[in-house]
Amino acid sequence: FQQCTKRIRTKDSINIPTKFQYLHRIRKGWINVINPFRATMVLGTPGSGKSFSVYGPFIEQMIAKGYTMFVYDYKFPDLTESVYNELCRNIKRYKVKPEFCVINFNDPTTSYRCNPINPMYITDPADTTEIAELVMLNVNKAAIEKEDFFTLSAKVYLDALIWFLKLYRNGKYCTFPHVIELMAQDYKIVFKILAKYPELHAKIKPFANALEGGAQDQLQGQIASAQIPLNKFVSPSLYWVLSGDDFTLDINDPKHPKILCVGNDPDRQAIYGTTLALFTSRMFKLINHKGKQKCGVLLDELPTIYLKGIDNLIATARSNKVAIVLGAQDKSQLKRDYGEKESEVIFNTVGNVFAGAVKGSTAETLSKSFGKEERETRSYQESDISDHVTYSYQLKDVLPAHKIESLSQGTFCGYVADTFKQKVNPKIFCGEVILPPPAEHNEDIPKILNLPEDKIEEEITNNYLRIKRE
């Protein structure tokens, strides 16, 4: 079908060159994401070319146009290296030079330190309730669809501990590692301390009643439902990264802009995913405000972390110049990890969609979004007397599901959103992305801790033991 052949450039747009087939000819086209602030969904099975064909141009052009950026790099350091090298090439395009920050639990020498529950990010008891809910839903994704008594108890207990650390000595010990260590203490002693704070009475009342009523077995089950999932976060390297304050999470502050990349590891996804979700949710709270610098948020493999309320962020971030790019292998993967209702809302809220080869119901849904068109069909009839050719017109899918399922690597279909001032016609596309080969030489991500290896281990171990003592 006919596609957009004109490059429509604006100060915010992302323009990706393609080639497509129409009327038996190969033609040059452009995917013009005129309004990236209406959010973008990138779908495709592993190996479909999402990183090179879609994330690559978004990173390159966002940095060239002065965006601040947050990147969730599931297969660290693939995207992070691209971001760092693009920043090095375009650093002069920024009015205020942005700080490049990395969170990497696997290698603390390349990681900055940041405390996502720093007291300055917690201004209301509702904030700690939200943090506790996010942590417990990430460690127990079955609770996304249905919560039981013990899951709710775990959230309330974690909520009370975080709010206590926020109050105690002006939040001096309010870090996620301190929360984990405090949770490991004897709950009878902890409750005696919490009871001294009037602000915590409502949060701990159910536990206090159980303690006074002698329901020890029930109470131990409630506390254990919080302790057991959080035990897996006891790690010197995690404690090191989560207990410092090398930078703040307001990455789109015009006076102190930042490019922040956070790295996950597929082998340790269950552990790192929760803490990275904590970083991401706290960062969302800070960037989604008026008067900030324009910002790109790229979340590769979104289903590997659970972010509550991301659909609301998509709906409100547009007016605050926050461009969100969400990646997933398939819509069914999003449904599995976010629940059916929330995944449906996320999918239907985004304005721009890129889809490589996807299967089943996802391909069918996309095929329907392309609509139908009248197509001419011919039928031949031969006889001894004469031959007949009959022409008829039938409504057929513009892009059938079976063609979406068999798209080649680097070939994407989808649709884009436009604006009042700048229209795009047609909005749908299906073609092979044509990009120059990547640069042969790229700089490595710089080290933060320039110390001998034995000294680094000593620093990290001492920090771990200090938190335990505190």
# chains A, B, ... in the order shown; residues from 1 in each chain; ligands from 1
>>> residues_around(residues="Gly291 of chain A", least_positions_apart="6", cutoff="9 Å", atoms="only C-alpha atoms", output="PyMOL selection string")
chain A and resi 253-254+320
>>> residues_around(residues="segment 331-339 of chain A", least_positions_apart="4", cutoff="12 Å", atoms="only C-alpha atoms", output="count of residues only")
45
>>> residues_around(residues="Leu242 of chain A", least_positions_apart="5", cutoff="12 Å", atoms="only C-alpha atoms", output="count of residues only")
35
>>> closest_residue(among="A:Val71, A:His388, A:Val416, A:Arg9", to="Met283 of chain A", atoms="only C-alpha atoms")
A:Val71
>>> closest_residue(among="A:Lys447, A:Lys203, A:Lys341, A:Arg318", to="Leu161 of chain A", atoms="only C-alpha atoms")
A:Lys203
>>> select_by_dssp(residues="segment 369-461 of chain A", states="alpha helix (DSSP H)", output="ChimeraX atom specification")
/A:369-370,401-405,453-461
>>> residues_around(residues="Cys4 of chain A", least_positions_apart="6", cutoff="12 Å", atoms="only C-alpha atoms", output="short mmCIF file (atom, residue, chain, number, x, y, z; two decimals) with all heavy atoms, in the first residue's frame")
data_model
loop_
_atom_site.label_atom_id
_atom_site.label_comp_id
_atom_site.auth_asym_id
_atom_site.auth_seq_id
_atom_site.Cartn_x
_atom_site.Cartn_y
_atom_site.Cartn_z
N ASN A 15 12.62 10.46 12.77
CA ASN A 15 12.37 10.11 11.37
C ASN A 15 13.23 8.92 10.97
O ASN A 15 14.46 8.99 11.05
CB ASN A 15 12.67 11.31 10.46
CG ASN A 15 11.96 12.58 10.93
OD1 ASN A 15 12.54 13.40 11.63
ND2 ASN A 15 10.71 12.72 10.56
N ILE A 16 12.58 7.86 10.54
CA ILE A 16 13.28 6.61 10.23
C ILE A 16 13.07 6.26 8.75
O ILE A 16 11.93 6.10 8.32
CB ILE A 16 12.79 5.46 11.12
CG1 ILE A 16 12.97 5.83 12.61
CG2 ILE A 16 13.52 4.17 10.80
CD1 ILE A 16 12.42 4.81 13.58
N PRO A 17 14.15 6.14 7.96
CA PRO A 17 14.01 5.84 6.53
C PRO A 17 13.68 4.36 6.29
O PRO A 17 14.16 3.48 7.00
CB PRO A 17 15.39 6.18 5.96
CG PRO A 17 16.33 6.00 7.12
CD PRO A 17 15.55 6.36 8.36
N THR A 18 12.84 4.12 5.29
CA THR A 18 12.44 2.74 4.96
C THR A 18 12.41 2.56 3.44
O THR A 18 12.51 3.53 2.68
CB THR A 18 11.03 2.42 5.50
OG1 THR A 18 10.07 3.26 4.83
CG2 THR A 18 10.93 2.62 6.99
N LYS A 19 12.25 1.32 3.03
CA LYS A 19 11.86 1.04 1.65
C LYS A 19 10.66 0.09 1.70
O LYS A 19 10.59 -0.81 2.54
CB LYS A 19 13.01 0.46 0.84
CG LYS A 19 13.57 -0.86 1.30
CD LYS A 19 14.70 -1.31 0.39
CE LYS A 19 15.25 -2.68 0.83
NZ LYS A 19 16.38 -3.12 -0.02
N PHE A 20 9.69 0.34 0.79
CA PHE A 20 8.46 -0.44 0.81
C PHE A 20 8.03 -0.76 -0.63
O PHE A 20 8.50 -0.13 -1.59
CB PHE A 20 7.36 0.31 1.55
CG PHE A 20 6.90 1.58 0.86
CD1 PHE A 20 5.80 1.57 0.02
CD2 PHE A 20 7.57 2.78 1.06
CE1 PHE A 20 5.37 2.73 -0.62
CE2 PHE A 20 7.15 3.95 0.43
CZ PHE A 20 6.05 3.92 -0.41
N TYR A 22 5.01 -1.00 -3.47
CA TYR A 22 3.68 -0.53 -3.84
C TYR A 22 3.55 -0.57 -5.36
O TYR A 22 4.44 -0.08 -6.07
CB TYR A 22 3.44 0.89 -3.32
CG TYR A 22 2.09 1.47 -3.69
CD1 TYR A 22 0.91 0.83 -3.31
CD2 TYR A 22 2.00 2.64 -4.43
CE1 TYR A 22 -0.34 1.35 -3.65
CE2 TYR A 22 0.76 3.17 -4.77
CZ TYR A 22 -0.40 2.52 -4.39
OH TYR A 22 -1.63 3.02 -4.74
N ARG A 27 9.91 1.34 -3.32
CA ARG A 27 9.96 2.80 -3.18
C ARG A 27 10.61 3.18 -1.86
O ARG A 27 10.63 2.39 -0.91
CB ARG A 27 8.54 3.38 -3.24
CG ARG A 27 7.79 2.99 -4.50
CD ARG A 27 6.29 3.18 -4.36
NE ARG A 27 5.57 2.58 -5.48
CZ ARG A 27 5.17 3.24 -6.57
NH1 ARG A 27 5.43 4.55 -6.67
NH2 ARG A 27 4.53 2.61 -7.54
N LYS A 28 11.10 4.40 -1.77
CA LYS A 28 11.69 4.92 -0.53
C LYS A 28 10.61 5.64 0.27
O LYS A 28 9.82 6.40 -0.29
CB LYS A 28 12.84 5.87 -0.84
CG LYS A 28 14.05 5.16 -1.43
CD LYS A 28 15.21 6.12 -1.65
CE LYS A 28 16.42 5.39 -2.23
NZ LYS A 28 17.56 6.31 -2.46
N GLY A 29 10.62 5.40 1.59
CA GLY A 29 9.63 6.05 2.44
C GLY A 29 10.23 6.51 3.76
O GLY A 29 11.41 6.29 4.04
N TRP A 30 9.38 7.12 4.59
CA TRP A 30 9.80 7.61 5.91
C TRP A 30 8.73 7.28 6.94
O TRP A 30 7.54 7.46 6.69
CB TRP A 30 10.02 9.12 5.89
CG TRP A 30 11.26 9.53 5.17
CD1 TRP A 30 11.39 9.87 3.85
CD2 TRP A 30 12.57 9.63 5.72
NE1 TRP A 30 12.68 10.17 3.55
CE2 TRP A 30 13.44 10.03 4.68
CE3 TRP A 30 13.11 9.42 6.99
CZ2 TRP A 30 14.81 10.23 4.88
CZ3 TRP A 30 14.46 9.62 7.19
CH2 TRP A 30 15.30 10.01 6.15
N ILE A 31 9.20 6.77 8.09
CA ILE A 31 8.32 6.65 9.25
C ILE A 31 8.54 7.92 10.06
O ILE A 31 9.62 8.12 10.64
CB ILE A 31 8.66 5.41 10.10
CG1 ILE A 31 8.59 4.14 9.25
CG2 ILE A 31 7.71 5.31 11.29
CD1 ILE A 31 9.12 2.91 9.96
N ASN A 32 7.56 8.79 10.09
CA ASN A 32 7.68 10.10 10.74
C ASN A 32 6.95 10.09 12.08
O ASN A 32 5.71 10.21 12.12
CB ASN A 32 7.12 11.20 9.84
CG ASN A 32 7.90 11.34 8.54
OD1 ASN A 32 9.08 11.66 8.55
ND2 ASN A 32 7.24 11.08 7.42
N VAL A 33 7.70 9.91 13.16
CA VAL A 33 7.10 9.98 14.50
C VAL A 33 7.10 11.45 14.90
O VAL A 33 8.01 11.95 15.57
CB VAL A 33 7.87 9.10 15.52
CG1 VAL A 33 7.16 9.09 16.87
CG2 VAL A 33 8.02 7.68 15.00
N TYR A 415 1.76 2.18 12.94
CA TYR A 415 1.11 3.45 12.64
C TYR A 415 1.67 4.53 13.55
O TYR A 415 2.23 4.24 14.61
CB TYR A 415 -0.41 3.36 12.79
CG TYR A 415 -0.87 2.72 14.08
CD1 TYR A 415 -1.05 3.48 15.24
CD2 TYR A 415 -1.15 1.36 14.14
CE1 TYR A 415 -1.48 2.90 16.42
CE2 TYR A 415 -1.59 0.77 15.33
CZ TYR A 415 -1.75 1.54 16.45
OH TYR A 415 -2.16 0.97 17.63
N VAL A 416 1.54 5.78 13.12
CA VAL A 416 2.07 6.91 13.89
C VAL A 416 0.96 7.93 14.14
O VAL A 416 -0.05 7.96 13.42
CB VAL A 416 3.24 7.60 13.15
CG1 VAL A 416 4.42 6.66 13.03
CG2 VAL A 416 2.82 8.10 11.77
N LYS A 423 0.35 17.32 9.94
CA LYS A 423 -0.38 16.09 9.62
C LYS A 423 0.55 15.10 8.91
O LYS A 423 1.47 15.50 8.20
CB LYS A 423 -1.58 16.40 8.72
CG LYS A 423 -2.57 17.39 9.31
CD LYS A 423 -3.25 16.84 10.56
CE LYS A 423 -4.28 17.83 11.10
NZ LYS A 423 -4.89 17.36 12.35
N VAL A 424 0.29 13.82 9.13
CA VAL A 424 1.01 12.76 8.44
C VAL A 424 0.00 11.93 7.67
O VAL A 424 -1.00 11.47 8.24
CB VAL A 424 1.77 11.85 9.44
CG1 VAL A 424 2.49 10.72 8.69
CG2 VAL A 424 2.77 12.64 10.25
N ASN A 425 0.24 11.72 6.39
CA ASN A 425 -0.69 10.93 5.58
C ASN A 425 0.09 10.16 4.52
O ASN A 425 0.84 10.76 3.76
CB ASN A 425 -1.72 11.86 4.93
CG ASN A 425 -2.84 11.08 4.27
OD1 ASN A 425 -3.27 10.05 4.77
ND2 ASN A 425 -3.28 11.56 3.12
N PRO A 426 -0.08 8.85 4.46
CA PRO A 426 -0.84 8.00 5.39
C PRO A 426 -0.07 7.74 6.68
O PRO A 426 1.16 7.84 6.70
CB PRO A 426 -1.04 6.72 4.59
CG PRO A 426 0.12 6.67 3.65
CD PRO A 426 0.47 8.08 3.33
N LYS A 427 -0.81 7.39 7.73
CA LYS A 427 -0.19 7.16 9.04
C LYS A 427 0.34 5.75 9.19
O LYS A 427 1.17 5.49 10.05
CB LYS A 427 -1.20 7.45 10.16
CG LYS A 427 -1.63 8.92 10.25
CD LYS A 427 -2.57 9.11 11.42
CE LYS A 427 -2.99 10.56 11.56
NZ LYS A 427 -3.80 11.02 10.43
N ILE A 428 -0.18 4.81 8.41
CA ILE A 428 0.26 3.41 8.53
C ILE A 428 1.49 3.17 7.67
O ILE A 428 1.72 3.87 6.67
CB ILE A 428 -0.87 2.43 8.16
CG1 ILE A 428 -1.35 2.67 6.73
CG2 ILE A 428 -2.02 2.54 9.15
CD1 ILE A 428 -2.36 1.64 6.25
N PHE A 429 2.29 2.18 8.05
CA PHE A 429 3.52 1.87 7.30
C PHE A 429 3.83 0.39 7.42
O PHE A 429 3.40 -0.29 8.35
CB PHE A 429 4.70 2.70 7.83
CG PHE A 429 5.07 2.43 9.27
CD1 PHE A 429 5.92 1.39 9.61
CD2 PHE A 429 4.53 3.21 10.29
CE1 PHE A 429 6.24 1.13 10.94
CE2 PHE A 429 4.85 2.96 11.62
CZ PHE A 429 5.71 1.91 11.94
N CYS A 430 4.57 -0.12 6.46
CA CYS A 430 5.13 -1.47 6.52
C CYS A 430 6.30 -1.52 5.55
O CYS A 430 6.10 -1.48 4.32
CB CYS A 430 4.08 -2.52 6.15
SG CYS A 430 4.74 -4.21 6.26
N GLY A 431 7.49 -1.57 6.09
CA GLY A 431 8.66 -1.56 5.22
C GLY A 431 9.92 -1.95 5.97
O GLY A 431 9.93 -2.08 7.20
#
>>> closest_residue(among="A:Lys403, A:Lys468, A:Lys75, A:Lys11", to="Asp265 of chain A", atoms="only C-alpha atoms")
A:Lys75
>>> residues_around(residues="Ala323 of chain A", least_positions_apart="3", cutoff="8 Å", atoms="only C-alpha atoms", output="list in words")
Pro36, Phe37, Arg38, Ala39, Thr40, Lys294, Cys295, Gly296, Val297, Ala317 and Arg318 of chain A
>>> write_last_selection(atoms="all heavy atoms", output="mmCIF file, in the first residue's frame")
data_model
loop_
_atom_site.group_PDB
_atom_site.id
_atom_site.type_symbol
_atom_site.label_atom_id
_atom_site.label_comp_id
_atom_site.auth_asym_id
_atom_site.auth_seq_id
_atom_site.Cartn_x
_atom_site.Cartn_y
_atom_site.Cartn_z
ATOM 1 N N PRO A 36 6.362 12.105 19.396
ATOM 2 C CA PRO A 36 6.832 11.019 20.269
ATOM 3 C C PRO A 36 6.282 11.099 21.689
ATOM 4 O O PRO A 36 6.340 10.119 22.430
ATOM 5 C CB PRO A 36 8.356 11.196 20.261
ATOM 6 C CG PRO A 36 8.576 12.631 19.915
ATOM 7 C CD PRO A 36 7.451 13.011 19.011
ATOM 8 N N PHE A 37 5.730 12.265 22.067
ATOM 9 C CA PHE A 37 5.207 12.438 23.420
ATOM 10 C C PHE A 37 3.873 11.718 23.628
ATOM 11 O O PHE A 37 3.379 11.654 24.746
ATOM 12 C CB PHE A 37 5.066 13.925 23.752
ATOM 13 C CG PHE A 37 6.352 14.690 23.565
ATOM 14 C CD1 PHE A 37 6.457 15.678 22.608
ATOM 15 C CD2 PHE A 37 7.470 14.378 24.318
ATOM 16 C CE1 PHE A 37 7.649 16.359 22.423
ATOM 17 C CE2 PHE A 37 8.669 15.052 24.137
ATOM 18 C CZ PHE A 37 8.756 16.038 23.188
ATOM 19 N N ARG A 38 3.301 11.162 22.559
ATOM 20 C CA ARG A 38 2.076 10.364 22.704
ATOM 21 C C ARG A 38 2.409 8.893 22.945
ATOM 22 O O ARG A 38 1.528 8.041 22.872
ATOM 23 C CB ARG A 38 1.188 10.533 21.479
ATOM 24 C CG ARG A 38 0.428 11.855 21.490
ATOM 25 C CD ARG A 38 -0.520 11.996 20.337
ATOM 26 N NE ARG A 38 -1.558 10.965 20.329
ATOM 27 C CZ ARG A 38 -2.487 10.887 19.383
ATOM 28 N NH1 ARG A 38 -2.498 11.758 18.392
ATOM 29 N NH2 ARG A 38 -3.398 9.935 19.428
ATOM 30 N N ALA A 39 3.665 8.606 23.235
ATOM 31 C CA ALA A 39 4.170 7.273 23.601
ATOM 32 C C ALA A 39 4.250 6.337 22.399
ATOM 33 O O ALA A 39 3.474 6.448 21.447
ATOM 34 C CB ALA A 39 3.348 6.627 24.712
ATOM 35 N N THR A 40 5.214 5.430 22.479
ATOM 36 C CA THR A 40 5.493 4.499 21.381
ATOM 37 C C THR A 40 5.609 3.084 21.941
ATOM 38 O O THR A 40 6.271 2.873 22.956
ATOM 39 C CB THR A 40 6.813 4.881 20.672
ATOM 40 O OG1 THR A 40 6.719 6.230 20.203
ATOM 41 C CG2 THR A 40 7.093 3.943 19.502
ATOM 42 N N LYS A 294 12.707 18.551 27.815
ATOM 43 C CA LYS A 294 12.081 17.395 27.186
ATOM 44 C C LYS A 294 12.910 16.140 27.454
ATOM 45 O O LYS A 294 14.143 16.197 27.539
ATOM 46 C CB LYS A 294 11.882 17.623 25.689
ATOM 47 C CG LYS A 294 13.126 17.870 24.879
ATOM 48 C CD LYS A 294 12.740 18.231 23.449
ATOM 49 C CE LYS A 294 13.983 18.559 22.628
ATOM 50 N NZ LYS A 294 13.637 18.977 21.254
ATOM 51 N N CYS A 295 12.206 15.017 27.578
ATOM 52 C CA CYS A 295 12.841 13.820 28.125
ATOM 53 C C CYS A 295 12.360 12.569 27.382
ATOM 54 O O CYS A 295 11.176 12.445 27.074
ATOM 55 C CB CYS A 295 12.495 13.715 29.614
ATOM 56 S SG CYS A 295 13.143 12.259 30.435
ATOM 57 N N GLY A 296 13.277 11.665 27.111
ATOM 58 C CA GLY A 296 12.927 10.372 26.527
ATOM 59 C C GLY A 296 13.058 9.273 27.565
ATOM 60 O O GLY A 296 14.063 9.221 28.278
ATOM 61 N N VAL A 297 12.056 8.421 27.679
ATOM 62 C CA VAL A 297 12.087 7.281 28.603
ATOM 63 C C VAL A 297 11.974 6.008 27.771
ATOM 64 O O VAL A 297 10.914 5.730 27.209
ATOM 65 C CB VAL A 297 10.936 7.362 29.631
ATOM 66 C CG1 VAL A 297 10.927 6.120 30.514
ATOM 67 C CG2 VAL A 297 11.073 8.615 30.487
ATOM 68 N N ALA A 317 1.945 12.344 30.609
ATOM 69 C CA ALA A 317 3.317 12.780 30.297
ATOM 70 C C ALA A 317 3.388 13.581 29.006
ATOM 71 O O ALA A 317 4.322 14.372 28.822
ATOM 72 C CB ALA A 317 4.238 11.559 30.208
ATOM 73 N N ARG A 318 2.417 13.398 28.118
ATOM 74 C CA ARG A 318 2.440 14.086 26.826
ATOM 75 C C ARG A 318 2.548 15.604 26.981
ATOM 76 O O ARG A 318 3.349 16.258 26.313
ATOM 77 C CB ARG A 318 1.166 13.726 26.039
ATOM 78 C CG ARG A 318 1.025 14.429 24.712
ATOM 79 C CD ARG A 318 -0.279 14.005 24.044
ATOM 80 N NE ARG A 318 -1.426 14.217 24.924
ATOM 81 C CZ ARG A 318 -2.049 15.379 25.071
ATOM 82 N NH1 ARG A 318 -1.624 16.442 24.405
ATOM 83 N NH2 ARG A 318 -3.088 15.483 25.873
#
>>> select_by_dssp(residues="segment 310-367 of chain A", states="strand (DSSP E)", output="list in words")
Val322, Ala323, Ile324, Val325, Leu326, Gly327, Ala328, Asn352, Val353, Phe354 and Ala355 of chain A
>>> residues_around(residues="Gln409 of chain A", least_positions_apart="4", cutoff="7 Å", atoms="only C-alpha atoms", output="PyMOL selection string")
chain A and resi 47-49
